[in-house]
$ cat final.pdb   # PDB, C-alpha atoms
ATOM      1  CA  MET A   1      19.151  -6.131   4.520  1.00  0.00           C
ATOM      2  CA  ASN A   2      15.948  -7.924   5.496  1.00  0.00           C
ATOM      3  CA  ALA A   3      12.780  -6.544   3.884  1.00  0.00           C
ATOM      4  CA  ASN A   4      11.129  -6.370   7.314  1.00  0.00           C
ATOM      5  CA  THR A   5      13.810  -4.002   8.602  1.00  0.00           C
ATOM      6  CA  LYS A   6      14.326  -1.794   5.550  1.00  0.00           C
ATOM      7  CA  PRO A   7      12.903   1.697   5.718  1.00  0.00           C
ATOM      8  CA  ILE A   8       9.846   2.296   3.551  1.00  0.00           C
ATOM      9  CA  ARG A   9       9.875   5.527   1.565  1.00  0.00           C
ATOM     10  CA  LEU A  10       6.807   6.871  -0.205  1.00  0.00           C
ATOM     11  CA  SER A  11       7.356   8.610  -3.536  1.00  0.00           C
ATOM     12  CA  TRP A  12       5.994  12.086  -4.082  1.00  0.00           C
ATOM     13  CA  HIS A  13       3.230  10.599  -6.251  1.00  0.00           C
ATOM     14  CA  THR A  14       2.232   8.137  -3.513  1.00  0.00           C
ATOM     15  CA  ARG A  15       2.072  10.912  -0.901  1.00  0.00           C
ATOM     16  CA  GLU A  16      -0.191  12.907  -3.230  1.00  0.00           C
ATOM     17  CA  GLN A  17      -2.556   9.932  -3.537  1.00  0.00           C
ATOM     18  CA  LEU A  18      -2.946   9.085   0.180  1.00  0.00           C
ATOM     19  CA  LEU A  19      -5.896  11.357   0.921  1.00  0.00           C
ATOM     20  CA  SER A  20      -7.787  10.832  -2.330  1.00  0.00           C
ATOM     21  CA  ARG A  21      -7.488   7.057  -2.009  1.00  0.00           C
ATOM     22  CA  GLY A  22      -8.199   6.963   1.719  1.00  0.00           C
ATOM     23  CA  VAL A  23      -4.970   5.173   2.625  1.00  0.00           C
ATOM     24  CA  THR A  24      -2.529   5.819   5.464  1.00  0.00           C
ATOM     25  CA  GLU A  25       1.235   5.397   5.549  1.00  0.00           C
ATOM     26  CA  GLN A  26       0.774   2.847   8.336  1.00  0.00           C
ATOM     27  CA  GLU A  27      -1.568   0.721   6.215  1.00  0.00           C
ATOM     28  CA  ILE A  28       0.971   0.708   3.385  1.00  0.00           C
ATOM     29  CA  ALA A  29       3.773  -0.350   5.726  1.00  0.00           C
ATOM     30  CA  ASP A  30       1.571  -3.001   7.345  1.00  0.00           C
ATOM     31  CA  ALA A  31       0.654  -4.447   3.948  1.00  0.00           C
ATOM     32  CA  ILE A  32       4.287  -4.576   2.812  1.00  0.00           C
ATOM     33  CA  ARG A  33       5.586  -6.060   6.062  1.00  0.00           C
ATOM     34  CA  THR A  34       2.895  -8.688   6.647  1.00  0.00           C
ATOM     35  CA  THR A  35       1.738 -10.044   3.275  1.00  0.00           C
ATOM     36  CA  THR A  36       3.210 -12.019   0.399  1.00  0.00           C
ATOM     37  CA  TRP A  37       4.721  -9.987  -2.421  1.00  0.00           C
ATOM     38  CA  GLN A  38       3.842 -10.644  -6.046  1.00  0.00           C
ATOM     39  CA  PRO A  39       5.479  -9.458  -9.273  1.00  0.00           C
ATOM     40  CA  ALA A  40       3.907  -6.358 -10.825  1.00  0.00           C
ATOM     41  CA  GLU A  41       4.409  -4.511 -14.110  1.00  0.00           C
ATOM     42  CA  TYR A  42       7.718  -2.824 -14.945  1.00  0.00           C
ATOM     43  CA  ASP A  43       9.800  -5.059 -12.630  1.00  0.00           C
ATOM     44  CA  ARG A  44       7.979  -3.779  -9.576  1.00  0.00           C
ATOM     45  CA  LEU A  45       6.306  -5.644  -6.738  1.00  0.00           C
ATOM     46  CA  GLU A  46       2.850  -5.479  -5.219  1.00  0.00           C
ATOM     47  CA  CYS A  47       0.934  -6.882  -2.296  1.00  0.00           C
ATOM     48  CA  ARG A  48      -2.616  -6.606  -0.998  1.00  0.00           C
ATOM     49  CA  LYS A  49      -4.034  -6.435   2.482  1.00  0.00           C
ATOM     50  CA  ASP A  50      -7.649  -6.189   3.620  1.00  0.00           C
ATOM     51  CA  PHE A  51      -8.434  -3.932   6.565  1.00  0.00           C
ATOM     52  CA  PRO A  52     -11.729  -3.767   8.479  1.00  0.00           C
ATOM     53  CA  TYR A  53     -13.386  -0.491   7.460  1.00  0.00           C
ATOM     54  CA  SER A  54     -17.088  -0.299   8.429  1.00  0.00           C
ATOM     55  CA  MET A  55     -17.496   3.305   7.306  1.00  0.00           C
ATOM     56  CA  ASP A  56     -18.758   5.391   4.435  1.00  0.00           C
ATOM     57  CA  TRP A  57     -16.484   6.150   1.504  1.00  0.00           C
ATOM     58  CA  ASN A  58     -17.803   8.585  -1.102  1.00  0.00           C
ATOM     59  CA  GLY A  59     -21.320   8.270   0.272  1.00  0.00           C
ATOM     60  CA  LYS A  60     -21.512   4.482   0.382  1.00  0.00           C
ATOM     61  CA  PHE A  61     -20.935   2.097   3.305  1.00  0.00           C
ATOM     62  CA  TYR A  62     -18.135  -0.463   2.999  1.00  0.00           C
ATOM     63  CA  ALA A  63     -17.107  -3.162   5.451  1.00  0.00           C
ATOM     64  CA  THR A  64     -13.603  -3.687   4.060  1.00  0.00           C
ATOM     65  CA  LYS A  65     -10.834  -1.607   2.541  1.00  0.00           C
ATOM     66  CA  GLN A  66      -8.070  -3.295   0.548  1.00  0.00           C
ATOM     67  CA  VAL A  67      -4.722  -1.534   0.237  1.00  0.00           C
ATOM     68  CA  ARG A  68      -2.459  -2.418  -2.716  1.00  0.00           C
ATOM     69  CA  PRO A  69       0.951  -0.730  -2.729  1.00  0.00           C
ATOM     70  CA  ILE A  70       3.188  -0.948  -5.815  1.00  0.00           C
ATOM     71  CA  PHE A  71       6.845  -0.760  -4.853  1.00  0.00           C
ATOM     72  CA  VAL A  72      10.492  -1.484  -5.609  1.00  0.00           C
ATOM     73  CA  ASP A  73      12.670  -3.473  -3.205  1.00  0.00           C
ATOM     74  CA  GLU A  74      15.973  -1.633  -3.417  1.00  0.00           C
ATOM     75  CA  GLU A  75      19.146  -2.594  -1.609  1.00  0.00           C
ATOM     76  CA  SER A  76      18.743  -0.169   1.277  1.00  0.00           C
ATOM     77  CA  GLU A  77      15.036   0.739   1.229  1.00  0.00           C
ATOM     78  CA  ILE A  78      11.604  -0.094  -0.144  1.00  0.00           C
ATOM     79  CA  VAL A  79      10.265   2.651  -2.395  1.00  0.00           C
ATOM     80  CA  VAL A  80       6.489   2.809  -2.848  1.00  0.00           C
ATOM     81  CA  VAL A  81       5.744   4.270  -6.282  1.00  0.00           C
ATOM     82  CA  THR A  82       1.946   4.292  -5.995  1.00  0.00           C
ATOM     83  CA  VAL A  83      -0.888   2.838  -3.954  1.00  0.00           C
ATOM     84  CA  TYR A  84      -4.391   1.690  -4.861  1.00  0.00           C
ATOM     85  CA  SER A  85      -7.381   1.174  -2.606  1.00  0.00           C
ATOM     86  CA  TYR A  86     -10.501  -0.908  -3.107  1.00  0.00           C
ATOM     87  CA  TYR A  87     -13.632  -0.751  -0.998  1.00  0.00           C
ATOM     88  CA  PHE A  88     -16.087  -3.602  -0.689  1.00  0.00           C
TER      89      PHE A  88
END

$ encode --input "final.pdb" --output "structure tokens"
Amino acid sequence: MNANTKPIRLSWHTREQLLSRGVTEQEIADAIRTTTWQPAEYDRLECRKDFPYSMDWNGKFYATKQVRPIFVDEESEIVVVTVYSYYF
């Protein structure tokens, strides 16, 4: 199955982190589907994508938000185990 057609499933931990990290499911999917994957710790994969932000986050203005999902490419789906966000 092609990685661009596999369903993307967010782990329970990832879903818990969405609000506190300011990330949406759509941003995670967009990052996974449109950027180059790199090896990550524990035989996982990661990618990074910058999104225009131009808003305040925790009381400070940022022009860009970077989304960095950590995931496993399984045979029938992509499982996101966590997600990080960076504001700059």

$ atom_distance --input "final.pdb" --atom1 "atom CA of Glu25 of chain A" --atom2 "atom CA of Thr5 of chain A"
16.0 Å

$ resolve_selection --input "final.pdb" --expression "the PyMOL selection byres ((chain A and resi 21) around 12)" --output "ChimeraX atom specification"
/A:14-20,22-25,27-28,57-58,65-69,82-87

$ resolve_selection --input "final.pdb" --expression "the PyMOL selection byres ((chain A and resi 46) around 12)" --output "ChimeraX atom specification"
/A:28,31-33,35-45,47-49,67-73,78-84

$ resolve_selection --input "final.pdb" --expression "the PyMOL selection byres ((chain A and resi 53) around 7)" --output "mmCIF file with C-alpha atoms, in the coordinates of the input"
data_model
loop_
_atom_site.group_PDB
_atom_site.id
_atom_site.type_symbol
_atom_site.label_atom_id
_atom_site.label_comp_id
_atom_site.auth_asym_id
_atom_site.auth_seq_id
_atom_site.Cartn_x
_atom_site.Cartn_y
_atom_site.Cartn_z
ATOM 1 C CA PHE A 51 -8.434 -3.932 6.565
ATOM 2 C CA PRO A 52 -11.729 -3.767 8.479
ATOM 3 C CA SER A 54 -17.088 -0.299 8.429
ATOM 4 C CA MET A 55 -17.496 3.305 7.306
ATOM 5 C CA TYR A 62 -18.135 -0.463 2.999
ATOM 6 C CA ALA A 63 -17.107 -3.162 5.451
ATOM 7 C CA THR A 64 -13.603 -3.687 4.060
ATOM 8 C CA LYS A 65 -10.834 -1.607 2.541
#

$ atom_distance --input "final.pdb" --atom1 "atom CA of Glu75 of chain A" --atom2 "atom CA of Arg9 of chain A"
12.7 Å

$ atom_distance --input "final.pdb" --atom1 "atom CA of Phe88 of chain A" --atom2 "atom CA of Asn4 of chain A"
28.5 Å

$ closest_residue --input "final.pdb" --among "A:Asp30, A:Ser76, A:Asp56, A:Phe61" --to "Pro7 of chain A" --atoms "only C-alpha atoms"
A:Ser76

$ axis_aligned_box --input "final.pdb" --around "segment 71-86 of chain A" --padding-each-side "6 Å" --output "AutoDock Vina command-line options"
--center_x 4.3 --center_y 0.4 --center_z -2.5 --size_x 41.6 --size_y 19.8 --size_z 19.6

$ build_atoms --input "final.pdb" --residues "segment 13-45 of chain A" --atoms "N, CA and C atoms" --output "short mmCIF file (atom, residue, chain, number, x, y, z; two decimals), in the frame of the given file"
data_model
loop_
_atom_site.label_atom_id
_atom_site.label_comp_id
_atom_site.auth_asym_id
_atom_site.auth_seq_id
_atom_site.Cartn_x
_atom_site.Cartn_y
_atom_site.Cartn_z
N HIS A 13 4.52 10.99 -5.67
CA HIS A 13 3.23 10.60 -6.25
C HIS A 13 2.37 9.84 -5.23
N THR A 14 2.98 8.91 -4.52
CA THR A 14 2.23 8.14 -3.51
C THR A 14 1.68 9.06 -2.44
N ARG A 15 2.52 9.97 -1.94
CA ARG A 15 2.07 10.91 -0.90
C ARG A 15 0.90 11.76 -1.39
N GLU A 16 0.93 12.14 -2.65
CA GLU A 16 -0.19 12.91 -3.23
C GLU A 16 -1.48 12.10 -3.25
N GLN A 17 -1.39 10.79 -3.39
CA GLN A 17 -2.56 9.93 -3.54
C GLN A 17 -3.17 9.48 -2.21
N LEU A 18 -2.46 9.62 -1.10
CA LEU A 18 -2.95 9.09 0.18
C LEU A 18 -4.36 9.55 0.52
N LEU A 19 -4.59 10.83 0.52
CA LEU A 19 -5.90 11.36 0.92
C LEU A 19 -7.00 10.97 -0.06
N SER A 20 -6.73 11.12 -1.35
CA SER A 20 -7.79 10.83 -2.33
C SER A 20 -8.13 9.35 -2.40
N ARG A 21 -7.22 8.50 -1.99
CA ARG A 21 -7.49 7.06 -2.01
C ARG A 21 -7.84 6.50 -0.63
N GLY A 22 -7.79 7.37 0.38
CA GLY A 22 -8.20 6.96 1.72
C GLY A 22 -7.25 5.98 2.39
N VAL A 23 -5.97 6.11 2.11
CA VAL A 23 -4.97 5.17 2.62
C VAL A 23 -4.01 5.91 3.55
N THR A 24 -3.52 5.22 4.58
CA THR A 24 -2.53 5.82 5.46
C THR A 24 -1.15 5.20 5.22
N GLU A 25 -0.13 5.93 5.64
CA GLU A 25 1.24 5.40 5.55
C GLU A 25 1.35 4.09 6.33
N GLN A 26 0.71 4.04 7.49
CA GLN A 26 0.77 2.85 8.34
C GLN A 26 0.15 1.64 7.64
N GLU A 27 -0.95 1.83 6.94
CA GLU A 27 -1.57 0.72 6.22
C GLU A 27 -0.65 0.20 5.11
N ILE A 28 0.03 1.12 4.43
CA ILE A 28 0.97 0.71 3.38
C ILE A 28 2.09 -0.12 3.99
N ALA A 29 2.68 0.37 5.07
CA ALA A 29 3.77 -0.35 5.73
C ALA A 29 3.30 -1.70 6.23
N ASP A 30 2.12 -1.75 6.82
CA ASP A 30 1.57 -3.00 7.34
C ASP A 30 1.39 -4.01 6.21
N ALA A 31 0.85 -3.56 5.09
CA ALA A 31 0.65 -4.45 3.95
C ALA A 31 2.00 -5.00 3.46
N ILE A 32 2.98 -4.14 3.32
CA ILE A 32 4.29 -4.58 2.81
C ILE A 32 4.97 -5.53 3.79
N ARG A 33 4.86 -5.26 5.07
CA ARG A 33 5.59 -6.06 6.06
C ARG A 33 4.90 -7.37 6.42
N THR A 34 3.60 -7.51 6.13
CA THR A 34 2.90 -8.69 6.65
C THR A 34 2.26 -9.57 5.59
N THR A 35 2.38 -9.23 4.31
CA THR A 35 1.74 -10.04 3.28
C THR A 35 2.77 -10.54 2.26
N THR A 36 2.35 -11.46 1.44
CA THR A 36 3.21 -12.02 0.40
C THR A 36 3.30 -11.05 -0.77
N TRP A 37 4.50 -10.87 -1.28
CA TRP A 37 4.72 -9.99 -2.42
C TRP A 37 4.54 -10.76 -3.71
N GLN A 38 4.03 -10.07 -4.71
CA GLN A 38 3.84 -10.64 -6.05
C GLN A 38 4.52 -9.74 -7.08
N PRO A 39 4.94 -10.30 -8.21
CA PRO A 39 5.48 -9.46 -9.27
C PRO A 39 4.39 -8.53 -9.83
N ALA A 40 4.80 -7.33 -10.21
CA ALA A 40 3.91 -6.36 -10.82
C ALA A 40 4.56 -5.88 -12.12
N GLU A 41 3.87 -5.04 -12.85
CA GLU A 41 4.41 -4.51 -14.11
C GLU A 41 5.69 -3.72 -13.88
N TYR A 42 6.50 -3.64 -14.93
CA TYR A 42 7.72 -2.82 -14.94
C TYR A 42 8.73 -3.23 -13.87
N ASP A 43 8.84 -4.53 -13.62
CA ASP A 43 9.80 -5.06 -12.63
C ASP A 43 9.57 -4.52 -11.22
N ARG A 44 8.34 -4.23 -10.92
CA ARG A 44 7.98 -3.78 -9.58
C ARG A 44 7.31 -4.93 -8.83
N LEU A 45 6.98 -4.66 -7.58
CA LEU A 45 6.31 -5.64 -6.74
C LEU A 45 5.01 -5.05 -6.23
#
